[in-house]
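Q: Sending over a structure as structure tokens; questions will come in a sec.
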Amino acid sequence: MGQLHDLTALEQGDAIRAGELSPVELTNHYLERIDRLDATVGAFITVTPEIARKQAAEAERVAVEARREGRELPPLHGVPVPVKDFTDVAGVRCTMGSAALVDRVPTVDDHVVTKLRAAGTVLLGKTNTPEFALPPYTENRVAPPARTPWNLERSAGGTSGGAATAVASGLAPVAHGTDSGGSIRIPSSACGVFGLKPSRGRVSSGPTRHEVSGMGTSGPLARTVADAAALLDVLAGPMPGDTFTAPALPPGETFAGQALRRPKALRVACMPEPTVPGVSVHPDCRKAVDEAADLLRELGHTVEEAAPPAVSAGAGAALLDVWKVMAATSPVPPGSEELLTPLTRYLRAEAAGVSGATYAQGLQEMRKLGQLIADTIQPVGTGYDIILTPTLAQPPVPVGSLHDDANPANGFERMSAFTPYTMLYNASGQPAASVPLHWNADNLPIGVMLAARYGDEATLISLSAQLEEARPWAARVPALW
């Protein structure tokens with residue numbers, strides 16, 4: 001069967017339930033790969049071998065009992081799933097990518113961690129993220145930069161760059177990520193994996209840091225659509241105190257089940273041009289979208305090229321105001337400002353000039369922008385079912401090329417030129433996924449993004465799985481493997 005990391009997460013779970021694979025053996029396999037390869041790709045900030053081995057042993061004990069008693073176990077029982085170091089795991093340090101928080105150890109699990117524990121998954125460690133998950137690259141002052149294994153001179157993207165390169169490099173079968181402006185989809189494109197940002201309210205952000213703006217959420221990154229859907233089944237569902245709640249699937253249905261269903265013929269709006277003025281799209285990214293549109297037509301879907309919605313100049317400034325306040329509310333201990341990166345210090349200083357009224361107006365503008373995008377997908381039967389765009393406007397960029405420590409304001413133009421598509425769906429709350437259908441002449445992965453109606457991850461997953469079946473990507477592996 002090849003090496004253990006060649007198996008999908010669902011295949012690993014099947015083998016564990018059948019008694020053909022031990023969670024301890026599987027966990028040790030990944031820990032050995034992390035020990036050997038992580039310094040090269042920068043996937044982890046903290047590795048937790050003792051916790052992983054203890055959880056794996058417990059998962060093996062439970063699996064043995066379940067087989068003896070004829071009990072069913074969750075699909076990912078005994079499967080390793082690392083958690084992004086922006087999310088709290090009780091007893092494990094959570095730096096949030098900041099040198100100011102290297103000694104921070106939470107005492108409470110975030111809800112997604114509670115659900116991962118209940119599903120019997122194994123914590124390999126905490127994956128790399130930039131400081132406070134702010135920029136679209138994963139470079140910080142606490143760990144090496146996260147690199148795409150397809151070209152180690154290139155960035156893995158961000159802010160879930162550690163999660164994406166962990167999956168792409170075979171250091172984890174699936175991974176947890178977060179996404180407030182593209183942070184799952186950006187690195188998924190750069191690393192050639194599938195990444196899904198769920199609908200607003202699909203996954204709880206509690207209990208300690210509720211996502212009050214509505215822009216951020218947790219979600220899965222994986223080599224296959226089915227694996228990502230299975231992890232979404234673990235993460236999804238309301239919890240007490242949630243600010244937003246997405247509509248549930250019909251009783252008895254799962255997101256993993258949607259990956260096995262062929263979608264109906266869909267109407268797709270192809271929008272290759274970005275809404276950010278003055279941004280040009282790299283020919284490789286345009287080619288990826290054109291090829292995806294052709295493939296969708298071959299599969300029986302209707303694809304029409306459409307202009308992007310007209311976004312007002314004030315909308316971008318409003319989103320930036322919200323982003324500045326998000327940076328300012330990050331938990332920096334008194335006297336630790338000098339440990340922050342220049343970008344974070346700049347954003348926090350700028351936030352001092354954002355009044356409460358301006359922040360509220362920024363949220364209002366964000367809702368208007370979200371409505372504008374959501375209106376492109378009207379109720380079933382009267383508009384488009386799916387929006388197709390590039391995930392990024394450029395192929396994976398060199399490490400260090402997107403920031404300017406001497407003048408952080410200059411970095412905004414570079415970041416906007418790199419990521420003009422993703423934040424729209426954080427504003428609208430719609431589910432969106434980066435699908436790794438294309439590699440350019442330099443063998444760099446180029447993702448395309450699909451977005452569906454709010455709450456309709458089912459269609460997004462079934463369509464993505466259909467594309468994967470028609471143009472499989474999991475067999476493509478970087479030389480590092």
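Naming scheme: A, B, ... for chains in displayed order of the structure tokens; residues 1 onward per chain; ligands 1 onward as shown.
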Range 123-185 of chain A near range 7-21 of chain A within 12 Å: what's each residue's closest atom pair and its distance in Å to one decimal, counting only C-alpha atoms, ordered by chain then ascending residue number, as CSV?
A:
```
residue,atom,partner,partner_atom,distance
A:Val167,CA,A:Ala9,CA,10.6
A:Gly170,CA,A:Leu7,CA,10.0
A:Ala172,CA,A:Ala9,CA,8.9
A:Pro173,CA,A:Ala9,CA,5.4
A:Val174,CA,A:Ala9,CA,6.7
A:Ala175,CA,A:Ala9,CA,10.3
```
Q: Under the rule of at most 12 Å, produce a per-residue listing of range 395-463 of chain A near range 200-205 of chain A: chain, number, name, the closest pair of atoms, and the distance in Å, as CSV, using only C-alpha atoms.
A:
```
residue,atom,partner,partner_atom,distance
A:Tyr425,CA,A:Arg200,CA,9.4
A:Asn426,CA,A:Arg200,CA,7.9
A:Ala427,CA,A:Arg200,CA,9.3
A:Ser428,CA,A:Arg200,CA,8.3
A:Gly429,CA,A:Arg200,CA,4.6
A:Gln430,CA,A:Arg200,CA,6.8
A:Pro431,CA,A:Arg200,CA,7.7
A:Ala432,CA,A:Arg200,CA,10.8
A:Arg453,CA,A:Arg200,CA,11.3
A:Tyr454,CA,A:Arg200,CA,7.9
A:Gly455,CA,A:Arg202,CA,7.8
A:Asp456,CA,A:Arg202,CA,10.4
A:Glu457,CA,A:Arg202,CA,9.5
```
Q: Could you tell me how far CA of Pro251 in chain A lies from CA of Val234 in chain A, in Å and to one decimal?
A: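 Pair CA of Pro251 in chain A / CA of Val234 in chain A returns 15.6 Å.
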Q: Got a sec to tell me which of range 173-328 of chain A DSSP assigns to alpha helix (DSSP H), as an NGL selection string?
A: :A and (185-191 or 225-235 or 255-258 or 283-298 or 313-328)
Q: Suppose we keep C-alpha atoms; can you now write the selection as an mmCIF file, in the first residue's frame?
A:
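The new file part.cif reads:
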```cif
data_model
loop_
_atom_site.group_PDB
_atom_site.id
_atom_site.type_symbol
_atom_site.label_atom_id
_atom_site.label_comp_id
_atom_site.auth_asym_id
_atom_site.auth_seq_id
_atom_site.Cartn_x
_atom_site.Cartn_y
_atom_site.Cartn_z
ATOM 1 C CA ARG A 185 -7.678 29.093 0.696
ATOM 2 C CA ILE A 186 -4.499 31.138 0.089
ATOM 3 C CA PRO A 187 -2.061 28.500 1.434
ATOM 4 C CA SER A 188 -4.129 25.683 -0.072
ATOM 5 C CA SER A 189 -3.522 27.240 -3.481
ATOM 6 C CA ALA A 190 0.181 27.783 -2.787
ATOM 7 C CA CYS A 191 0.661 24.202 -1.544
ATOM 8 C CA VAL A 225 -12.228 16.569 -0.930
ATOM 9 C CA ALA A 226 -13.645 13.601 0.989
ATOM 10 C CA ASP A 227 -11.027 13.975 3.737
ATOM 11 C CA ALA A 228 -11.779 17.686 4.068
ATOM 12 C CA ALA A 229 -15.500 16.965 4.232
ATOM 13 C CA ALA A 230 -14.933 14.346 6.944
ATOM 14 C CA LEU A 231 -12.963 16.853 9.013
ATOM 15 C CA LEU A 232 -15.706 19.444 8.492
ATOM 16 C CA ASP A 233 -18.162 16.906 9.926
ATOM 17 C CA VAL A 234 -16.009 16.876 13.074
ATOM 18 C CA LEU A 235 -15.640 20.659 13.347
ATOM 19 C CA PHE A 255 -20.586 16.492 4.557
ATOM 20 C CA ALA A 256 -18.468 13.417 3.811
ATOM 21 C CA GLY A 257 -21.545 11.907 2.196
ATOM 22 C CA GLN A 258 -21.824 14.889 -0.147
ATOM 23 C CA PRO A 283 -1.390 34.520 -16.979
ATOM 24 C CA ASP A 284 -0.931 31.245 -15.089
ATOM 25 C CA CYS A 285 -3.838 32.114 -12.776
ATOM 26 C CA ARG A 286 -6.024 33.138 -15.711
ATOM 27 C CA LYS A 287 -5.115 29.897 -17.511
ATOM 28 C CA ALA A 288 -6.082 27.868 -14.433
ATOM 29 C CA VAL A 289 -9.531 29.466 -14.384
ATOM 30 C CA ASP A 290 -10.016 28.997 -18.132
ATOM 31 C CA GLU A 291 -9.114 25.307 -17.851
ATOM 32 C CA ALA A 292 -11.439 24.887 -14.873
ATOM 33 C CA ALA A 293 -14.278 26.516 -16.820
ATOM 34 C CA ASP A 294 -13.671 24.158 -19.754
ATOM 35 C CA LEU A 295 -13.663 21.156 -17.427
ATOM 36 C CA LEU A 296 -16.922 22.262 -15.819
ATOM 37 C CA ARG A 297 -18.508 22.507 -19.265
ATOM 38 C CA GLU A 298 -17.242 19.021 -20.136
ATOM 39 C CA ALA A 313 -13.814 52.543 -3.044
ATOM 40 C CA GLY A 314 -15.030 52.967 0.519
ATOM 41 C CA ALA A 315 -15.582 49.228 0.985
ATOM 42 C CA GLY A 316 -11.872 48.429 0.868
ATOM 43 C CA ALA A 317 -11.050 51.170 3.369
ATOM 44 C CA ALA A 318 -13.838 49.938 5.663
ATOM 45 C CA LEU A 319 -12.502 46.378 5.588
ATOM 46 C CA LEU A 320 -9.054 47.712 6.396
ATOM 47 C CA ASP A 321 -10.451 49.548 9.427
ATOM 48 C CA VAL A 322 -11.988 46.303 10.695
ATOM 49 C CA TRP A 323 -8.684 44.497 10.111
ATOM 50 C CA LYS A 324 -6.781 47.171 12.058
ATOM 51 C CA VAL A 325 -9.103 46.795 15.040
ATOM 52 C CA MET A 326 -8.713 42.998 14.888
ATOM 53 C CA ALA A 327 -4.944 43.530 15.208
ATOM 54 C CA ALA A 328 -5.404 45.952 18.095
#
```
Q: Report the distance between CA of Pro145 in chain A and CA of Gly181 in chain A in Å, rounded to one decimal place.
A: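 These two atoms are separated by 19.8 Å.
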Q: Among range 201-411 of chain A, which residues carry a DSSP assignment of strand (DSSP E), reported as a list in words?
A: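 Strand (DSSP E) members of range 201-411 of chain A, listed: Thr217, Ser218, Gly219, Pro220, Leu221, Ala222, Arg267, Val268, Ala269, Cys270, Thr302, Val303, Glu304, Glu305, Ile386, Ile387, Leu388, Thr389 and Pro390 of chain A.
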Q: Which residues, written as a PDB file with all heavy atoms, in the first residue's frame, have at least one atom at most 9 Å from range 96-103 of chain A, with only C-alpha atoms counted and residues fewer than 6 positions away on the same chain left out?
A:
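The result, written out as result_9.pdb:
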```
ATOM      1  N   ILE A  45       4.905  25.163  14.793  1.00  0.00           N
ATOM      2  CA  ILE A  45       5.515  26.003  15.823  1.00  0.00           C
ATOM      3  C   ILE A  45       5.829  25.144  17.050  1.00  0.00           C
ATOM      4  O   ILE A  45       6.906  25.247  17.637  1.00  0.00           O
ATOM      5  CB  ILE A  45       4.594  27.180  16.196  1.00  0.00           C
ATOM      6  CG1 ILE A  45       4.571  28.211  15.055  1.00  0.00           C
ATOM      7  CG2 ILE A  45       5.054  27.843  17.496  1.00  0.00           C
ATOM      8  CD1 ILE A  45       3.683  29.402  15.311  1.00  0.00           C
ATOM      9  N   LYS A  84      -4.024  24.612  14.232  1.00  0.00           N
ATOM     10  CA  LYS A  84      -3.320  25.868  13.956  1.00  0.00           C
ATOM     11  C   LYS A  84      -3.001  26.592  15.261  1.00  0.00           C
ATOM     12  O   LYS A  84      -3.831  26.635  16.180  1.00  0.00           O
ATOM     13  CB  LYS A  84      -4.186  26.739  13.052  1.00  0.00           C
ATOM     14  CG  LYS A  84      -3.548  28.057  12.618  1.00  0.00           C
ATOM     15  CD  LYS A  84      -4.465  28.769  11.640  1.00  0.00           C
ATOM     16  CE  LYS A  84      -3.935  30.125  11.243  1.00  0.00           C
ATOM     17  NZ  LYS A  84      -4.825  30.797  10.269  1.00  0.00           N
ATOM     18  N   ASP A  85      -1.824  27.203  15.325  1.00  0.00           N
ATOM     19  CA  ASP A  85      -1.393  27.851  16.559  1.00  0.00           C
ATOM     20  C   ASP A  85      -2.016  29.231  16.750  1.00  0.00           C
ATOM     21  O   ASP A  85      -1.410  30.147  17.289  1.00  0.00           O
ATOM     22  CB  ASP A  85       0.136  27.976  16.597  1.00  0.00           C
ATOM     23  CG  ASP A  85       0.659  28.148  18.023  1.00  0.00           C
ATOM     24  OD1 ASP A  85       0.084  27.537  18.926  1.00  0.00           O
ATOM     25  OD2 ASP A  85       1.630  28.899  18.218  1.00  0.00           O
ATOM     26  N   PHE A  86      -3.248  29.349  16.281  1.00  0.00           N
ATOM     27  CA  PHE A  86      -4.089  30.510  16.550  1.00  0.00           C
ATOM     28  C   PHE A  86      -5.266  30.086  17.422  1.00  0.00           C
ATOM     29  O   PHE A  86      -6.086  30.902  17.813  1.00  0.00           O
ATOM     30  CB  PHE A  86      -4.586  31.100  15.222  1.00  0.00           C
ATOM     31  CG  PHE A  86      -5.283  32.419  15.339  1.00  0.00           C
ATOM     32  CD1 PHE A  86      -4.604  33.556  15.733  1.00  0.00           C
ATOM     33  CD2 PHE A  86      -6.629  32.525  15.027  1.00  0.00           C
ATOM     34  CE1 PHE A  86      -5.253  34.775  15.837  1.00  0.00           C
ATOM     35  CE2 PHE A  86      -7.285  33.747  15.123  1.00  0.00           C
ATOM     36  CZ  PHE A  86      -6.593  34.880  15.528  1.00  0.00           C
ATOM     37  N   THR A  87      -5.320  28.791  17.710  1.00  0.00           N
ATOM     38  CA  THR A  87      -6.453  28.163  18.386  1.00  0.00           C
ATOM     39  C   THR A  87      -5.964  27.515  19.672  1.00  0.00           C
ATOM     40  O   THR A  87      -4.916  26.877  19.698  1.00  0.00           O
ATOM     41  CB  THR A  87      -7.096  27.116  17.453  1.00  0.00           C
ATOM     42  OG1 THR A  87      -7.588  27.790  16.283  1.00  0.00           O
ATOM     43  CG2 THR A  87      -8.219  26.366  18.126  1.00  0.00           C
ATOM     44  N   ASN A 128       2.153  26.317  12.093  1.00  0.00           N
ATOM     45  CA  ASN A 128       2.717  27.653  11.943  1.00  0.00           C
ATOM     46  C   ASN A 128       1.695  28.663  11.413  1.00  0.00           C
ATOM     47  O   ASN A 128       0.864  28.340  10.560  1.00  0.00           O
ATOM     48  CB  ASN A 128       3.909  27.579  10.985  1.00  0.00           C
ATOM     49  CG  ASN A 128       4.927  28.680  11.204  1.00  0.00           C
ATOM     50  OD1 ASN A 128       4.713  29.605  11.982  1.00  0.00           O
ATOM     51  ND2 ASN A 128       6.048  28.576  10.512  1.00  0.00           N
ATOM     52  N   THR A 129       1.790  29.890  11.921  1.00  0.00           N
ATOM     53  CA  THR A 129       0.929  30.995  11.490  1.00  0.00           C
ATOM     54  C   THR A 129       1.681  32.293  11.680  1.00  0.00           C
ATOM     55  O   THR A 129       2.534  32.385  12.567  1.00  0.00           O
ATOM     56  CB  THR A 129      -0.382  31.019  12.312  1.00  0.00           C
ATOM     57  OG1 THR A 129      -1.242  32.069  11.837  1.00  0.00           O
ATOM     58  CG2 THR A 129      -0.125  31.239  13.789  1.00  0.00           C
ATOM     59  N   PRO A 130       1.427  33.310  10.860  1.00  0.00           N
ATOM     60  CA  PRO A 130       2.048  34.606  11.118  1.00  0.00           C
ATOM     61  C   PRO A 130       1.435  35.250  12.348  1.00  0.00           C
ATOM     62  O   PRO A 130       0.411  34.792  12.865  1.00  0.00           O
ATOM     63  CB  PRO A 130       1.720  35.409   9.853  1.00  0.00           C
ATOM     64  CG  PRO A 130       0.446  34.804   9.368  1.00  0.00           C
ATOM     65  CD  PRO A 130       0.560  33.341   9.684  1.00  0.00           C
ATOM     66  N   GLU A 131       2.061  36.305  12.830  1.00  0.00           N
ATOM     67  CA  GLU A 131       1.623  36.947  14.066  1.00  0.00           C
ATOM     68  C   GLU A 131       0.150  37.349  13.989  1.00  0.00           C
ATOM     69  O   GLU A 131      -0.274  38.110  13.122  1.00  0.00           O
ATOM     70  CB  GLU A 131       2.485  38.178  14.333  1.00  0.00           C
ATOM     71  CG  GLU A 131       2.264  38.771  15.718  1.00  0.00           C
ATOM     72  CD  GLU A 131       3.377  39.726  16.094  1.00  0.00           C
ATOM     73  OE1 GLU A 131       3.504  40.777  15.428  1.00  0.00           O
ATOM     74  OE2 GLU A 131       4.130  39.412  17.037  1.00  0.00           O
ATOM     75  N   PHE A 132      -0.631  36.782  14.926  1.00  0.00           N
ATOM     76  CA  PHE A 132      -2.065  37.050  15.081  1.00  0.00           C
ATOM     77  C   PHE A 132      -2.850  36.762  13.804  1.00  0.00           C
ATOM     78  O   PHE A 132      -3.923  37.330  13.589  1.00  0.00           O
ATOM     79  CB  PHE A 132      -2.294  38.480  15.572  1.00  0.00           C
ATOM     80  CG  PHE A 132      -1.610  38.773  16.866  1.00  0.00           C
ATOM     81  CD1 PHE A 132      -0.835  39.920  17.010  1.00  0.00           C
ATOM     82  CD2 PHE A 132      -1.681  37.905  17.928  1.00  0.00           C
ATOM     83  CE1 PHE A 132      -0.161  40.188  18.205  1.00  0.00           C
ATOM     84  CE2 PHE A 132      -1.020  38.161  19.123  1.00  0.00           C
ATOM     85  CZ  PHE A 132      -0.263  39.305  19.254  1.00  0.00           C
ATOM     86  N   ALA A 133      -2.291  35.897  12.936  1.00  0.00           N
ATOM     87  CA  ALA A 133      -2.986  35.474  11.710  1.00  0.00           C
ATOM     88  C   ALA A 133      -3.431  36.671  10.882  1.00  0.00           C
ATOM     89  O   ALA A 133      -4.557  36.713  10.388  1.00  0.00           O
ATOM     90  CB  ALA A 133      -4.178  34.574  12.059  1.00  0.00           C
ATOM     91  N   THR A 138       3.233  33.166   5.912  1.00  0.00           N
ATOM     92  CA  THR A 138       3.472  32.589   7.241  1.00  0.00           C
ATOM     93  C   THR A 138       4.940  32.763   7.584  1.00  0.00           C
ATOM     94  O   THR A 138       5.762  31.860   7.397  1.00  0.00           O
ATOM     95  CB  THR A 138       3.037  31.121   7.280  1.00  0.00           C
ATOM     96  OG1 THR A 138       1.645  31.049   6.931  1.00  0.00           O
ATOM     97  CG2 THR A 138       3.205  30.533   8.674  1.00  0.00           C
ATOM     98  N   GLU A 139       5.265  33.964   8.063  1.00  0.00           N
ATOM     99  CA  GLU A 139       6.610  34.334   8.476  1.00  0.00           C
ATOM    100  C   GLU A 139       6.475  35.107   9.777  1.00  0.00           C
ATOM    101  O   GLU A 139       5.695  36.062   9.849  1.00  0.00           O
ATOM    102  CB  GLU A 139       7.291  35.169   7.389  1.00  0.00           C
ATOM    103  CG  GLU A 139       7.412  34.421   6.060  1.00  0.00           C
ATOM    104  CD  GLU A 139       7.700  35.338   4.877  1.00  0.00           C
ATOM    105  OE1 GLU A 139       8.433  36.330   5.055  1.00  0.00           O
ATOM    106  OE2 GLU A 139       7.182  35.063   3.777  1.00  0.00           O
ATOM    107  N   ASN A 140       7.196  34.685  10.814  1.00  0.00           N
ATOM    108  CA  ASN A 140       7.065  35.304  12.126  1.00  0.00           C
ATOM    109  C   ASN A 140       8.407  35.281  12.844  1.00  0.00           C
ATOM    110  O   ASN A 140       9.435  34.939  12.244  1.00  0.00           O
ATOM    111  CB  ASN A 140       5.970  34.603  12.942  1.00  0.00           C
ATOM    112  CG  ASN A 140       6.226  33.103  13.072  1.00  0.00           C
ATOM    113  OD1 ASN A 140       7.343  32.679  13.361  1.00  0.00           O
ATOM    114  ND2 ASN A 140       5.191  32.306  12.853  1.00  0.00           N
ATOM    115  N   ARG A 141       8.393  35.614  14.130  1.00  0.00           N
ATOM    116  CA  ARG A 141       9.628  35.664  14.911  1.00  0.00           C
ATOM    117  C   ARG A 141       9.773  34.498  15.881  1.00  0.00           C
ATOM    118  O   ARG A 141      10.626  34.537  16.761  1.00  0.00           O
ATOM    119  CB  ARG A 141       9.686  36.994  15.683  1.00  0.00           C
ATOM    120  CG  ARG A 141       9.846  38.204  14.771  1.00  0.00           C
ATOM    121  CD  ARG A 141       9.880  39.497  15.543  1.00  0.00           C
ATOM    122  NE  ARG A 141      10.282  40.611  14.684  1.00  0.00           N
ATOM    123  CZ  ARG A 141      10.398  41.875  15.097  1.00  0.00           C
ATOM    124  NH1 ARG A 141      10.138  42.190  16.363  1.00  0.00           N
ATOM    125  NH2 ARG A 141      10.767  42.812  14.246  1.00  0.00           N
ATOM    126  N   VAL A 142       8.939  33.474  15.707  1.00  0.00           N
ATOM    127  CA  VAL A 142       9.012  32.329  16.624  1.00  0.00           C
ATOM    128  C   VAL A 142       9.333  31.015  15.931  1.00  0.00           C
ATOM    129  O   VAL A 142       9.620  30.016  16.594  1.00  0.00           O
ATOM    130  CB  VAL A 142       7.698  32.181  17.430  1.00  0.00           C
ATOM    131  CG1 VAL A 142       7.443  33.403  18.286  1.00  0.00           C
ATOM    132  CG2 VAL A 142       6.511  31.916  16.507  1.00  0.00           C
ATOM    133  N   ALA A 143       9.293  30.963  14.602  1.00  0.00           N
ATOM    134  CA  ALA A 143       9.525  29.716  13.874  1.00  0.00           C
ATOM    135  C   ALA A 143      10.035  30.047  12.480  1.00  0.00           C
ATOM    136  O   ALA A 143       9.876  31.172  11.998  1.00  0.00           O
ATOM    137  CB  ALA A 143       8.234  28.906  13.789  1.00  0.00           C
ATOM    138  N   PRO A 331      -4.191  39.728  22.067  1.00  0.00           N
ATOM    139  CA  PRO A 331      -3.784  39.776  23.478  1.00  0.00           C
ATOM    140  C   PRO A 331      -2.281  39.971  23.667  1.00  0.00           C
ATOM    141  O   PRO A 331      -1.523  39.013  23.837  1.00  0.00           O
ATOM    142  CB  PRO A 331      -4.215  38.402  23.999  1.00  0.00           C
ATOM    143  CG  PRO A 331      -4.104  37.513  22.797  1.00  0.00           C
ATOM    144  CD  PRO A 331      -4.474  38.355  21.613  1.00  0.00           C
ATOM    145  N   VAL A 332      -1.818  41.222  23.631  1.00  0.00           N
ATOM    146  CA  VAL A 332      -0.396  41.526  23.818  1.00  0.00           C
ATOM    147  C   VAL A 332      -0.138  41.893  25.277  1.00  0.00           C
ATOM    148  O   VAL A 332      -0.732  42.844  25.797  1.00  0.00           O
ATOM    149  CB  VAL A 332       0.038  42.684  22.907  1.00  0.00           C
ATOM    150  CG1 VAL A 332       1.513  43.013  23.130  1.00  0.00           C
ATOM    151  CG2 VAL A 332      -0.217  42.323  21.448  1.00  0.00           C
ATOM    152  N   PRO A 333       0.730  41.172  25.976  1.00  0.00           N
ATOM    153  CA  PRO A 333       1.032  41.505  27.371  1.00  0.00           C
ATOM    154  C   PRO A 333       1.635  42.907  27.483  1.00  0.00           C
ATOM    155  O   PRO A 333       2.353  43.352  26.572  1.00  0.00           O
ATOM    156  CB  PRO A 333       2.054  40.435  27.780  1.00  0.00           C
ATOM    157  CG  PRO A 333       1.859  39.318  26.810  1.00  0.00           C
ATOM    158  CD  PRO A 333       1.449  39.962  25.533  1.00  0.00           C
ATOM    159  N   SER A 336       5.217  44.453  25.966  1.00  0.00           N
ATOM    160  CA  SER A 336       5.743  43.520  24.972  1.00  0.00           C
ATOM    161  C   SER A 336       5.637  44.039  23.540  1.00  0.00           C
ATOM    162  O   SER A 336       5.909  43.300  22.589  1.00  0.00           O
ATOM    163  CB  SER A 336       4.998  42.179  25.065  1.00  0.00           C
ATOM    164  OG  SER A 336       5.160  41.592  26.328  1.00  0.00           O
ATOM    165  N   GLU A 337       5.234  45.277  23.373  1.00  0.00           N
ATOM    166  CA  GLU A 337       5.030  45.818  22.030  1.00  0.00           C
ATOM    167  C   GLU A 337       6.281  45.703  21.167  1.00  0.00           C
ATOM    168  O   GLU A 337       6.205  45.460  19.955  1.00  0.00           O
ATOM    169  CB  GLU A 337       4.581  47.284  22.110  1.00  0.00           C
ATOM    170  CG  GLU A 337       3.174  47.497  22.642  1.00  0.00           C
ATOM    171  CD  GLU A 337       2.097  47.196  21.618  1.00  0.00           C
ATOM    172  OE1 GLU A 337       2.394  47.251  20.405  1.00  0.00           O
ATOM    173  OE2 GLU A 337       0.955  46.889  22.023  1.00  0.00           O
ATOM    174  N   GLU A 338       7.457  45.862  21.781  1.00  0.00           N
ATOM    175  CA  GLU A 338       8.693  45.837  20.982  1.00  0.00           C
ATOM    176  C   GLU A 338       8.980  44.455  20.397  1.00  0.00           C
ATOM    177  O   GLU A 338       9.798  44.316  19.479  1.00  0.00           O
ATOM    178  CB  GLU A 338       9.881  46.295  21.833  1.00  0.00           C
ATOM    179  CG  GLU A 338      10.343  45.315  22.894  1.00  0.00           C
ATOM    180  CD  GLU A 338       9.490  45.320  24.164  1.00  0.00           C
ATOM    181  OE1 GLU A 338       8.530  46.134  24.228  1.00  0.00           O
ATOM    182  OE2 GLU A 338       9.781  44.540  25.081  1.00  0.00           O
ATOM    183  N   LEU A 339       8.311  43.416  20.911  1.00  0.00           N
ATOM    184  CA  LEU A 339       8.502  42.070  20.386  1.00  0.00           C
ATOM    185  C   LEU A 339       7.642  41.798  19.153  1.00  0.00           C
ATOM    186  O   LEU A 339       7.837  40.789  18.469  1.00  0.00           O
ATOM    187  CB  LEU A 339       8.176  41.036  21.466  1.00  0.00           C
ATOM    188  CG  LEU A 339       9.056  41.051  22.720  1.00  0.00           C
ATOM    189  CD1 LEU A 339       8.546  40.057  23.743  1.00  0.00           C
ATOM    190  CD2 LEU A 339      10.511  40.765  22.365  1.00  0.00           C
ATOM    191  N   LEU A 340       6.709  42.696  18.871  1.00  0.00           N
ATOM    192  CA  LEU A 340       5.805  42.488  17.744  1.00  0.00           C
ATOM    193  C   LEU A 340       6.503  42.792  16.424  1.00  0.00           C
ATOM    194  O   LEU A 340       7.464  43.557  16.360  1.00  0.00           O
ATOM    195  CB  LEU A 340       4.570  43.378  17.889  1.00  0.00           C
ATOM    196  CG  LEU A 340       3.748  43.213  19.175  1.00  0.00           C
ATOM    197  CD1 LEU A 340       2.584  44.184  19.183  1.00  0.00           C
ATOM    198  CD2 LEU A 340       3.257  41.773  19.318  1.00  0.00           C
ATOM    199  N   THR A 341       5.984  42.214  15.340  1.00  0.00           N
ATOM    200  CA  THR A 341       6.517  42.502  14.015  1.00  0.00           C
ATOM    201  C   THR A 341       6.150  43.941  13.621  1.00  0.00           C
ATOM    202  O   THR A 341       5.174  44.508  14.130  1.00  0.00           O
ATOM    203  CB  THR A 341       5.949  41.548  12.963  1.00  0.00           C
ATOM    204  OG1 THR A 341       4.531  41.737  12.870  1.00  0.00           O
ATOM    205  CG2 THR A 341       6.256  40.100  13.316  1.00  0.00           C
TER     206      THR A 341
END
```
Q: Env of Ala59 in chain A: 8 Å cut, atoms = only C-alpha atoms, seq-sep filter 4 positions within chain, self excluded. Answer as a PDB file with C-alpha atoms, in the first residue's frame.
A:
```pdb
ATOM      1  CA  PRO A  23      -2.979   4.629  15.744  1.00  0.00           C
ATOM      2  CA  GLN A  55      -3.769   9.992  22.638  1.00  0.00           C
ATOM      3  CA  ALA A  63     -10.600   0.784  18.826  1.00  0.00           C
ATOM      4  CA  HIS A  77     -10.813   7.991  15.086  1.00  0.00           C
ATOM      5  CA  GLY A  78      -7.080   7.542  15.678  1.00  0.00           C
ATOM      6  CA  GLY A 120     -10.784  10.486  18.723  1.00  0.00           C
ATOM      7  CA  THR A 121      -8.229  12.367  16.637  1.00  0.00           C
TER       8      THR A 121
END
```
Q: Considering only C-alpha atoms, can you say which of A:Glu153, A:Val122, A:Glu468, A:Asp88 comes closest to Ala57 in chain A?
A: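 Closest to Ala57 in chain A, using only C-alpha atoms: A:Val122.
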Q: Can you work out the spacing between CA of Pro75 in chain A and CA of Leu480 in chain A in Å, to one decimal?
A: 28.5 Å
Q: Find the residue from A:Pro342, A:Pro238, A:Gly192, A:Gly125 that sits nearest to Gly411 in chain A; use only C-alpha atoms when measuring.
A: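 Smallest distance to Gly411 in chain A is found for A:Pro342.
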Q: Write out as number ranges by chain the residues lying within 6 Å of range 178-180 of chain A, counting only C-alpha atoms and excluding same-chain residues fewer than 5 positions away.
A: A: 215-219
Q: Put those residues in a file: N, CA and C atoms, as a short mmCIF file (atom, residue, chain, number, x, y, z; two decimals), in the first residue's frame.
A:
```cif
data_model
loop_
_atom_site.label_atom_id
_atom_site.label_comp_id
_atom_site.auth_asym_id
_atom_site.auth_seq_id
_atom_site.Cartn_x
_atom_site.Cartn_y
_atom_site.Cartn_z
N MET A 215 -16.21 37.56 10.14
CA MET A 215 -15.32 37.29 9.01
C MET A 215 -14.57 35.97 9.16
N GLY A 216 -14.26 35.57 10.38
CA GLY A 216 -13.38 34.43 10.59
C GLY A 216 -14.11 33.14 10.91
N THR A 217 -13.46 32.03 10.58
CA THR A 217 -14.00 30.71 10.89
C THR A 217 -12.87 29.69 10.84
N SER A 218 -13.08 28.55 11.48
CA SER A 218 -12.19 27.40 11.31
C SER A 218 -12.68 26.55 10.15
N GLY A 219 -11.75 25.76 9.58
CA GLY A 219 -12.12 24.87 8.49
C GLY A 219 -11.02 23.88 8.20
#
```
